[in-house]
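Chemist: Compact mmCIF, C-alpha atoms, file final-v3.txt:
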# COMPACT_ATOMS: atom_id res chain seq x y z
CA MET A 71 -21.03 27.13 13.23
CA LYS A 72 -20.16 24.84 10.31
CA ASN A 73 -16.52 25.93 10.47
CA SER A 74 -16.41 25.06 14.15
CA LEU A 75 -17.84 21.59 13.45
CA ASN A 76 -15.29 21.02 10.69
CA ILE A 77 -12.47 22.00 13.04
CA LEU A 78 -13.76 19.60 15.69
CA LYS A 79 -13.93 16.77 13.13
CA LYS A 80 -10.33 17.37 12.05
CA LEU A 81 -9.03 17.81 15.62
CA PRO A 82 -8.39 14.06 16.27
CA ILE A 83 -6.35 13.83 13.06
CA ALA A 84 -4.32 16.90 14.06
CA VAL A 85 -3.66 15.47 17.52
CA ILE A 86 -2.56 12.12 16.06
CA ALA A 87 -0.31 13.89 13.55
CA ILE A 88 1.38 15.91 16.30
CA LEU A 89 1.81 12.75 18.37
CA MET A 90 3.38 10.85 15.47
CA VAL A 91 5.84 13.65 14.76
CA SER A 92 6.78 13.93 18.45
CA ILE A 93 7.34 10.25 19.31
CA PRO A 94 11.09 10.09 18.41
CA ALA A 95 11.70 13.01 20.78
CA PHE A 96 10.36 11.00 23.72
CA THR A 97 12.06 7.66 23.14
CA ASP A 98 15.49 6.41 22.11
CA ASN A 99 14.24 2.83 21.79
CA ASN A 100 15.03 1.90 18.20
CA TYR A 101 12.72 -1.14 18.40
CA ILE A 102 9.70 1.12 18.95
CA ILE A 103 10.78 3.40 16.13
CA SER A 104 11.33 0.52 13.69
CA THR A 105 7.95 -1.01 14.58
CA LEU A 106 6.23 2.27 13.77
CA VAL A 107 8.19 2.48 10.50
CA TYR A 108 6.75 -0.92 9.56
CA CYS A 109 3.30 0.47 10.37
CA PHE A 110 3.90 3.41 8.02
CA VAL A 111 5.21 1.15 5.25
CA PHE A 112 2.32 -1.30 5.33
CA ALA A 113 -0.26 1.46 5.73
CA SER A 114 1.05 3.01 2.50
CA LEU A 115 1.09 -0.36 0.71
CA ALA A 116 -2.43 -1.21 1.91
CA ILE A 117 -3.72 2.17 0.72
CA ALA A 118 -2.09 1.54 -2.67
CA TRP A 119 -3.80 -1.86 -2.93
CA ASN A 120 -7.07 -0.37 -1.69
CA LEU A 121 -7.26 1.93 -4.71
CA ILE A 122 -7.81 -0.99 -7.08
CA GLY A 123 -8.89 -3.71 -4.65
CA GLY A 124 -11.16 -1.67 -2.38
CA TYR A 125 -12.60 1.10 -4.52
CA GLY A 126 -12.67 -1.04 -7.66
CA GLU A 127 -13.11 -4.58 -6.28
CA GLN A 128 -10.37 -5.80 -8.62
CA VAL A 129 -8.38 -8.08 -6.32
CA SER A 130 -4.66 -7.95 -7.04
CA TRP A 131 -2.30 -10.56 -5.58
CA CYS A 132 0.93 -9.13 -6.98
CA ASN A 133 1.46 -5.85 -5.16
CA ALA A 134 4.47 -7.41 -3.47
CA SER A 135 6.01 -7.72 -6.94
CA PHE A 136 5.81 -3.96 -7.36
CA VAL A 137 7.44 -3.57 -3.96
CA ALA A 138 10.21 -5.88 -5.15
CA ILE A 139 10.64 -3.92 -8.38
CA GLY A 140 11.13 -0.72 -6.43
CA ALA A 141 13.40 -2.27 -3.80
CA TYR A 142 15.68 -4.17 -6.19
CA THR A 143 15.90 -1.31 -8.69
CA GLY A 144 16.91 1.16 -5.98
CA MET A 145 19.51 -1.08 -4.36
CA ILE A 146 21.02 -2.40 -7.62
CA MET A 147 21.33 1.07 -9.15
CA TYR A 148 23.00 2.38 -6.01
CA LYS A 149 25.39 -0.53 -5.52
CA MET A 150 26.39 -0.95 -9.19
CA LEU A 151 26.12 2.60 -10.50
CA GLY A 152 26.29 4.75 -7.39
CA ILE A 153 22.94 6.36 -8.22
CA SER A 154 20.98 7.76 -5.28
CA PRO A 155 17.73 5.95 -4.46
CA PHE A 156 15.97 9.31 -4.74
CA ILE A 157 16.80 9.15 -8.47
CA ALA A 158 16.49 5.38 -8.84
CA ILE A 159 12.94 5.59 -7.52
CA LEU A 160 11.95 7.15 -10.85
CA VAL A 161 13.22 4.07 -12.70
CA GLY A 162 11.57 1.66 -10.26
CA THR A 163 8.19 3.35 -10.47
CA GLY A 164 8.51 3.48 -14.26
CA LEU A 165 9.15 -0.27 -14.44
CA ALA A 166 6.19 -0.90 -12.12
CA PHE A 167 4.01 1.30 -14.33
CA ILE A 168 5.00 -0.73 -17.40
CA ALA A 169 4.36 -4.03 -15.58
CA ALA A 170 0.92 -2.88 -14.41
CA THR A 171 0.11 -1.76 -17.94
CA LEU A 172 0.99 -5.16 -19.39
CA ILE A 173 -1.07 -7.02 -16.77
CA GLY A 174 -4.07 -4.71 -16.95
CA TYR A 175 -4.11 -4.34 -20.71
CA GLY A 176 -4.58 -8.05 -21.20
CA THR A 177 -7.09 -8.68 -18.40
CA PHE A 178 -9.27 -5.62 -17.78
CA ARG A 179 -11.06 -6.15 -21.09
CA LEU A 180 -12.35 -9.42 -19.62
CA ARG A 181 -14.79 -10.01 -16.77
CA GLY A 182 -14.48 -12.37 -13.84
CA ILE A 183 -11.39 -13.68 -12.08
CA TYR A 184 -8.93 -13.35 -14.98
CA PHE A 185 -7.28 -10.28 -13.49
CA SER A 186 -6.67 -11.97 -10.12
CA ILE A 187 -5.26 -15.08 -11.82
CA ALA A 188 -2.96 -12.93 -13.95
CA THR A 189 -1.63 -11.09 -10.89
CA ILE A 190 -0.82 -14.40 -9.17
CA ALA A 191 1.04 -15.57 -12.28
CA PHE A 192 2.94 -12.28 -12.57
CA GLY A 193 3.93 -12.46 -8.91
CA GLU A 194 5.41 -15.91 -9.39
CA ILE A 195 7.23 -14.81 -12.55
CA VAL A 196 8.87 -11.94 -10.66
CA ARG A 197 9.81 -14.13 -7.70
CA ILE A 198 11.33 -16.87 -9.88
CA SER A 199 13.15 -14.30 -12.03
CA LEU A 200 14.73 -12.73 -8.98
CA GLN A 201 15.93 -16.15 -7.85
CA PHE A 202 17.23 -17.06 -11.32
CA TRP A 203 19.24 -13.89 -12.12
CA GLN A 204 21.85 -14.47 -9.42
CA GLY A 205 24.46 -12.25 -11.05
CA LEU A 206 22.15 -9.23 -10.89
CA THR A 207 19.85 -9.87 -7.94
CA GLY A 208 21.88 -12.24 -5.75
CA GLY A 209 19.33 -15.00 -6.32
CA ALA A 210 17.88 -16.78 -3.33
CA ALA A 211 20.85 -15.56 -1.22
CA GLY A 212 19.46 -12.04 -1.41
CA TYR A 213 20.88 -8.59 -2.07
CA TYR A 214 22.30 -6.03 0.31
CA VAL A 215 24.11 -2.70 0.38
CA THR A 216 27.08 -2.28 2.69
CA TYR A 217 26.82 0.50 5.25
CA THR A 218 29.53 3.08 4.53
CA GLY A 219 28.57 5.78 6.99
CA GLN A 220 25.69 8.17 7.41
CA ASN A 221 24.59 9.49 4.03
CA PHE A 222 21.14 10.97 3.43
CA SER A 223 21.28 10.69 -0.37
CA ALA A 224 22.05 6.96 0.00
CA LEU A 225 19.44 6.45 2.75
CA MET A 226 22.08 5.26 5.22
CA PHE A 227 21.67 6.27 8.84
CA LYS A 228 23.00 5.27 12.26
CA ASN A 229 19.49 4.59 13.54
CA ASP A 230 15.93 4.40 12.22
CA VAL A 231 14.76 7.89 13.22
CA PRO A 232 15.44 9.41 9.75
CA PHE A 233 13.55 6.51 8.16
CA TYR A 234 10.74 7.19 10.63
CA TYR A 235 10.25 10.72 9.32
CA ILE A 236 10.82 9.77 5.67
CA LEU A 237 8.25 6.96 5.74
CA LEU A 238 5.84 9.07 7.80
CA ALA A 239 6.08 11.84 5.20
CA LEU A 240 5.57 9.27 2.44
CA LEU A 241 2.47 7.94 4.22
CA VAL A 242 1.06 11.47 4.41
CA ILE A 243 1.67 11.88 0.66
CA VAL A 244 -0.03 8.55 -0.08
CA ILE A 245 -3.03 9.52 2.07
CA LEU A 246 -3.30 12.81 0.19
CA ILE A 247 -3.14 10.96 -3.13
CA ALA A 248 -5.89 8.56 -1.97
CA SER A 249 -7.99 11.51 -0.78
CA TRP A 250 -7.58 13.21 -4.15
CA PHE A 251 -8.32 9.94 -5.96
CA GLU A 252 -11.66 9.26 -4.31
CA ARG A 253 -12.82 12.82 -5.01
CA SER A 254 -11.58 12.82 -8.60
CA LYS A 255 -13.52 11.84 -11.70
CA ILE A 256 -11.55 8.58 -11.85
CA GLY A 257 -12.59 7.72 -8.30
CA HIS A 258 -16.24 8.51 -9.00
CA TYR A 259 -16.22 6.55 -12.22
CA LEU A 260 -14.54 3.59 -10.54
CA SER A 261 -17.21 3.67 -7.83
CA ALA A 262 -19.87 3.53 -10.55
CA ILE A 263 -18.09 0.62 -12.24
CA LYS A 264 -17.91 -1.20 -8.91
CA GLY A 265 -21.65 -0.72 -8.39
CA ASP A 266 -22.76 -1.83 -11.86
CA GLU A 267 -20.20 -2.03 -14.65
CA ASP A 268 -22.75 -2.48 -17.45
CA ALA A 269 -24.73 0.53 -16.28
CA ALA A 270 -21.53 2.59 -16.00
CA ILE A 271 -20.49 1.67 -19.54
CA SER A 272 -23.95 2.57 -20.82
CA LEU A 273 -23.46 6.04 -19.33
CA GLY A 274 -20.28 6.49 -21.33
CA ILE A 275 -17.65 5.52 -18.75
CA ASP A 276 -14.59 3.82 -20.23
CA SER A 277 -14.36 0.93 -17.77
CA PHE A 278 -11.13 -0.47 -19.20
CA LYS A 279 -9.28 2.86 -19.06
CA ILE A 280 -10.44 3.69 -15.52
CA LYS A 281 -9.43 0.31 -14.08
CA LEU A 282 -6.09 0.34 -15.89
CA THR A 283 -5.25 3.86 -14.71
CA THR A 284 -6.11 2.95 -11.13
CA PHE A 285 -3.98 -0.20 -11.26
CA GLN A 286 -1.07 1.80 -12.68
CA LEU A 287 -1.35 4.30 -9.82
CA SER A 288 -1.45 1.46 -7.29
CA ALA A 289 1.69 -0.09 -8.81
CA VAL A 290 3.62 3.19 -8.87
CA ILE A 291 2.87 3.91 -5.21
CA SER A 292 3.84 0.36 -4.19
CA ALA A 293 7.17 0.60 -6.06
CA ALA A 294 7.96 3.97 -4.50
CA VAL A 295 7.31 2.60 -1.02
CA GLY A 296 9.34 -0.50 -1.93
CA THR A 297 12.41 1.60 -2.74
CA PHE A 298 12.50 3.14 0.73
CA PHE A 299 11.51 -0.15 2.35
CA GLY A 300 14.46 -1.95 0.75
CA PHE A 301 16.98 0.53 2.13
CA PHE A 302 15.24 0.52 5.50
CA ILE A 303 15.60 -3.24 6.03
CA GLY A 304 19.03 -3.22 4.33
CA PHE A 305 18.73 -6.74 2.97
CA ILE A 306 16.21 -8.05 0.46
CA ASP A 307 15.55 -11.43 -1.06
CA PRO A 308 12.70 -12.89 -3.14
CA GLY A 309 11.05 -14.36 -0.06
CA THR A 310 11.06 -10.99 1.72
CA VAL A 311 9.79 -8.53 -0.87
CA SER A 312 8.20 -10.54 -3.69
CA SER A 313 6.43 -13.44 -2.01
CA LEU A 314 2.72 -14.17 -2.18
CA ASN A 315 2.73 -14.01 1.62
CA LEU A 316 3.62 -10.32 1.48
CA SER A 317 0.83 -9.64 -1.01
CA VAL A 318 -1.61 -11.51 1.23
CA LYS A 319 -0.49 -9.48 4.25
CA ILE A 320 -1.12 -6.25 2.38
CA VAL A 321 -4.62 -7.42 1.38
CA VAL A 322 -5.43 -8.67 4.88
CA ILE A 323 -4.37 -5.36 6.45
CA ALA A 324 -6.71 -3.48 4.10
CA ILE A 325 -9.61 -5.87 4.76
CA ILE A 326 -9.19 -5.82 8.54
CA GLY A 327 -8.94 -2.04 8.57
CA GLY A 328 -11.77 -1.48 6.09
CA VAL A 329 -11.65 -1.46 2.28
CA GLY A 330 -12.96 1.43 0.24
CA THR A 331 -11.94 4.00 2.86
CA ILE A 332 -8.86 6.15 3.35
CA TRP A 333 -8.23 5.47 7.02
CA GLY A 334 -9.17 1.79 7.11
CA PRO A 335 -5.81 0.53 5.74
CA VAL A 336 -3.95 2.86 8.11
CA LEU A 337 -5.85 1.53 11.12
CA GLY A 338 -5.40 -2.06 9.93
CA SER A 339 -1.64 -1.60 9.54
CA PHE A 340 -1.15 -0.28 13.06
CA VAL A 341 -3.35 -2.96 14.62
CA ILE A 342 -1.76 -5.87 12.72
CA ASN A 343 1.88 -4.79 13.01
CA ILE A 344 1.79 -3.73 16.65
CA LEU A 345 -0.20 -6.82 17.62
CA ALA A 346 2.17 -9.08 15.67
CA GLU A 347 5.25 -7.52 17.29
CA GLY A 348 3.68 -7.85 20.72
CA LEU A 349 2.83 -11.51 20.18
CA ASN A 350 6.29 -12.25 18.77
CA SER A 351 7.96 -10.67 21.79
CA MET A 352 5.80 -12.68 24.19
CA PHE A 353 5.58 -15.97 22.26
CA GLY A 354 8.61 -15.84 20.00
CA ASP A 355 9.16 -19.58 20.27
CA VAL A 356 5.77 -20.36 18.75
CA GLY A 357 6.25 -20.46 14.98
CA GLY A 358 3.53 -19.15 12.68
CA LEU A 359 1.70 -17.31 15.43
CA SER A 360 1.47 -14.11 13.39
CA LEU A 361 -0.20 -15.94 10.50
CA ALA A 362 -2.64 -17.53 12.93
CA VAL A 363 -3.48 -14.06 14.26
CA TYR A 364 -4.09 -12.76 10.72
CA GLY A 365 -6.44 -15.66 10.03
CA PHE A 366 -8.29 -15.34 13.32
CA LEU A 367 -8.71 -11.56 13.01
CA LEU A 368 -9.87 -11.90 9.43
CA ILE A 369 -12.55 -14.43 10.42
CA VAL A 370 -13.74 -12.29 13.34
CA ILE A 371 -13.84 -9.10 11.26
CA VAL A 372 -15.66 -10.73 8.35
CA ILE A 373 -18.30 -12.17 10.70
CA PHE A 374 -18.83 -9.30 13.15
CA LYS A 375 -17.45 -6.22 11.36
CA PRO A 376 -17.54 -6.90 7.60
CA ALA A 377 -16.87 -3.20 6.94
CA GLY A 378 -13.60 -3.46 8.89
CA LEU A 379 -12.32 -1.94 12.11
CA ILE A 380 -12.85 1.54 10.70
CA SER A 381 -16.59 0.95 11.15
CA LEU A 382 -15.95 1.41 14.87
CA PHE A 383 -15.31 5.07 14.00
CA PRO A 384 -18.31 5.97 11.80
CA LYS A 385 -17.23 9.53 11.04
CA TRP A 386 -13.87 8.39 9.66
CA GLY A 387 -15.25 5.36 7.88
CA ASN A 388 -18.19 7.15 6.28
CA ASN A 389 -16.46 10.37 5.21
CA SER A 390 -15.22 8.99 1.91
CA LYS A 391 -18.47 7.18 1.17
CA SER A 392 -20.60 10.23 1.87
CA ALA A 393 -18.27 12.39 -0.22
CA ARG A 394 -18.65 10.05 -3.18
CA LYS A 395 -22.39 9.74 -2.70
CA SER A 396 -22.85 13.53 -2.65
CA ASP A 397 -21.12 13.76 -6.02
CA ASP A 398 -22.93 10.86 -7.70
CA GLU A 399 -25.55 13.08 -9.31
CA SER A 400 -23.00 15.52 -10.74
CA THR A 401 -20.85 12.65 -12.00
CA GLN A 402 -23.83 11.07 -13.72
CA ASN A 403 -24.65 14.35 -15.44
CA GLU A 404 -21.06 14.64 -16.68
CA VAL A 405 -20.98 11.24 -18.36
CA LEU A 406 -24.46 11.36 -19.84
CA PRO A 407 -24.41 12.39 -23.52
Just give me the structure of the file as structure tokens.
Modeler:
Amino acid sequence: MKNSLNILKKLPIAVIAILMVSIPAFTDNNYIISTLVYCFVFASLAIAWNLIGGYGEQVSWCNASFVAIGAYTGMIMYKMLGISPFIAILVGTGLAFIAATLIGYGTFRLRGIYFSIATIAFGEIVRISLQFWQGLTGGAAGYYVTYTGQNFSALMFKNDVPFYYILLALLVIVILIASWFERSKIGHYLSAIKGDEDAAISLGIDSFKIKLTTFQLSAVISAAVGTFFGFFIGFIDPGTVSSLNLSVKIVVIAIIGGVGTIWGPVLGSFVINILAEGLNSMFGDVGGLSLAVYGFLLIVIVIFKPAGLISLFPKWGNNSKSARKSDDESTQNEVLP
């Protein structure tokens, strides 16, 4: 009986997965495909932010900088050295890991808003640096890689269908990582720190180490997604991949979908991106309409659905919370001396 109930609970996810895999077979409209790719990209980025911002309530405003690190590293290494982005991604994620370590090491030992302030400062440093180093990054004019024919190892394709499957597979991997994270000791400890940091420390939890590790994981995922995102759009500049606006969009997507859950950021990404594309196609002459929609949705969600849109689907929204709650007692026993 329990097995049957578990199968029924997982059935909607299986149906959605089959639908996502099948969509390119039923349409040759590249606009639809590219819109869904954007949904996959921002769902992955919102999940990455959610690890530290949702589960840990440590609000980062520099995740776009990690995206930029991954994107620029991948494109520069390919254009200058001929190195495949599948190899360059290791360098980009390594640089993001180092950057997250430097930020977190100096701020997670403190309480309050110091971490958020530091992330804003780091984001501006990255953006200004990208504009200043024109010989390496192209400066404000941006950076691009010339299309030389279809080449999988260089992430160059005639249409966006290959990117569709690559970014969909990456989203699945990110979801699996997030699922593992919230069931791991780190996830449980971070939940305890979020609830009461002083009490968690008194139980023997190393608050600094847990928050730093989570932030490093968030940065690495963001940089990995950024590498593929850079080759997908084909042209990057500081205003596209390292702006505060991009960081804000990532945060807003997570909040609208539902922070502290696995599926909330995914739902938020699809709602925001599809709605934004629909509004742009209908009211393209109205500048700033997408930002107005973000603001309006954020106000409505905060007032009427503070837990996010995922709260409309209680089983999906509560799965992660109930899983963590069921393990609270065992976690407490592990950290008690």
Chemist: When you count all atoms listed in the file, which of these residues is closest to Pro155 of chain A: A:Tyr235, A:Phe222, A:Trp203, A:Phe285?
Modeler: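 Result for the nearest residue to Pro155 of chain A: A:Phe222.
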Chemist: If we count only C-alpha atoms, what is near Val107 of chain A at a cut-off of 7 Å, once residues fewer than 3 positions away on the same chain are taken out, given as a PDB file with C-alpha atoms, keeping the file's coordinate frame?
Modeler:
ATOM      1  CA  ILE A 103      10.780   3.400  16.130  1.00  0.00           C
ATOM      2  CA  SER A 104      11.330   0.520  13.690  1.00  0.00           C
ATOM      3  CA  PHE A 110       3.900   3.410   8.020  1.00  0.00           C
ATOM      4  CA  VAL A 111       5.210   1.150   5.250  1.00  0.00           C
ATOM      5  CA  TYR A 234      10.740   7.190  10.630  1.00  0.00           C
ATOM      6  CA  LEU A 237       8.250   6.960   5.740  1.00  0.00           C
TER       7      LEU A 237
END
Chemist: Identify which of the residues A:Thr331, A:Asn133, A:Ser114, A:Asn100 lies closest to Leu316 of chain A, counting only C-alpha atoms when measuring atom-to-atom distances.
Modeler: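 Between A:Thr331, A:Asn133, A:Ser114, A:Asn100, the residue approaching Leu316 of chain A most closely is A:Asn133.
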Chemist: Please report the interatomic distance between atom CA of Leu368 of chain A and atom CA of Ile326 of chain A in Å with one decimal.
Modeler: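 A separation of 6.2 Å between them.
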Chemist: When you draw a straight line from atom CA of Ile275 of chain A to atom CA of Leu260 of chain A, how long is it in Å?
Modeler: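 Going from atom CA of Ile275 of chain A over to atom CA of Leu260 of chain A, I get 9.0 Å.
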Chemist: So, with all atoms listed in the file as the atoms that count, which of A:Leu345, A:Leu106, A:Ile243, A:Gly330 lies closest to Ala377 of chain A?
Modeler: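 The shortest atom-to-atom distance to Ala377 of chain A comes from A:Gly330.
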Chemist: Residues within 10 Å of segment 174-183 of chain A, please, as a list in words. Count all atoms listed in the file; anything in the same chain fewer than 4 positions from it doesn't count.
Modeler: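 The neighbour list is Gln128, Val129, Ile168, Ala169, Ala170, Ile187, Ala188, Thr189, Glu267, Ser277, Phe278, Lys279, Ile280, Lys281, Leu282, Thr283, Thr284, Phe285 and Gln286 of chain A.
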Chemist: Just to confirm, what's the straight-line distance from atom CA of Ile190 of chain A to atom CA of Ser130 of chain A in Å (one decimal)?
Modeler: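 Distance between the two atoms: 7.8 Å.
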Chemist: At a cut-off of 6 Å, using only C-alpha atoms, what residues contact segment 334-337 of chain A? Leave out same-chain residues fewer than 5 positions from it and give the result as a PyMOL selection string.
Modeler: chain A and resi 113+116-117+324+327-328+380
Chemist: Please dump the current selection as an mmCIF file, in the frame of the given file; keep C-alpha atoms.
Modeler:
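To be explicit, this is the file written out as again.cif:
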data_model
loop_
_atom_site.group_PDB
_atom_site.id
_atom_site.type_symbol
_atom_site.label_atom_id
_atom_site.label_comp_id
_atom_site.auth_asym_id
_atom_site.auth_seq_id
_atom_site.Cartn_x
_atom_site.Cartn_y
_atom_site.Cartn_z
ATOM 1 C CA ALA A 113 -0.260 1.460 5.730
ATOM 2 C CA ALA A 116 -2.430 -1.210 1.910
ATOM 3 C CA ILE A 117 -3.720 2.170 0.720
ATOM 4 C CA ALA A 324 -6.710 -3.480 4.100
ATOM 5 C CA GLY A 327 -8.940 -2.040 8.570
ATOM 6 C CA GLY A 328 -11.770 -1.480 6.090
ATOM 7 C CA ILE A 380 -12.850 1.540 10.700
#
Chemist: Which one is closest to Phe185 of chain A: A:Gly162, A:Gly123, A:Gly140, A:Gly309? Count all atoms listed in the file.
Modeler: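 The closest residue to Phe185 of chain A is A:Gly123.
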Chemist: Can you pull out every residue within 8 Å of Phe301 of chain A, counting all atoms listed in the file, but drop anything in the same chain fewer than 3 positions away, and send it as a list in words?
Modeler: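 Selected residues are Ala141, Met145, Leu225, Met226, Thr297, Phe298, Gly304 and Phe305 of chain A.
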Chemist: Got a sec to check which residues sit within 9 Å of (14.3, -3.7, -12.5), counting all atoms listed in the file, and write them as a tab-separated table (two decimals) with C-alpha atoms, in the frame of the given file?
Modeler:
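The result, written out as part29.tsv:
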chain	number	residue	atom	x	y	z
A	138	ALA	CA	10.21	-5.88	-5.15
A	139	ILE	CA	10.64	-3.92	-8.38
A	140	GLY	CA	11.13	-0.72	-6.43
A	141	ALA	CA	13.40	-2.27	-3.80
A	142	TYR	CA	15.68	-4.17	-6.19
A	143	THR	CA	15.90	-1.31	-8.69
A	144	GLY	CA	16.91	1.16	-5.98
A	146	ILE	CA	21.02	-2.40	-7.62
A	161	VAL	CA	13.22	4.07	-12.70
A	162	GLY	CA	11.57	1.66	-10.26
A	165	LEU	CA	9.15	-0.27	-14.44
A	166	ALA	CA	6.19	-0.90	-12.12
Chemist: Of the candidates A:Phe299, A:Val370, A:Ile323, A:Thr97, which shows the shortest atom-to-atom distance to Phe233 of chain A, using only C-alpha atoms?
Modeler: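 Counting only C-alpha atoms, the residue closest to Phe233 of chain A is A:Phe299.
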Chemist: Ile291 of chain A: which residues within 8 Å, counting all atoms listed in the file, same-chain residues fewer than 5 positions away excluded, as a ChimeraX atom specification?
Modeler: /A:114-115,118,163,244
Chemist: Choose the residue, out of A:Ile245, A:Met352, A:Ile306, A:Val295, that has the smallest atom-to-atom separation from Ala211 of chain A; count only C-alpha atoms.
Modeler: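 Closest candidate: A:Ile306.
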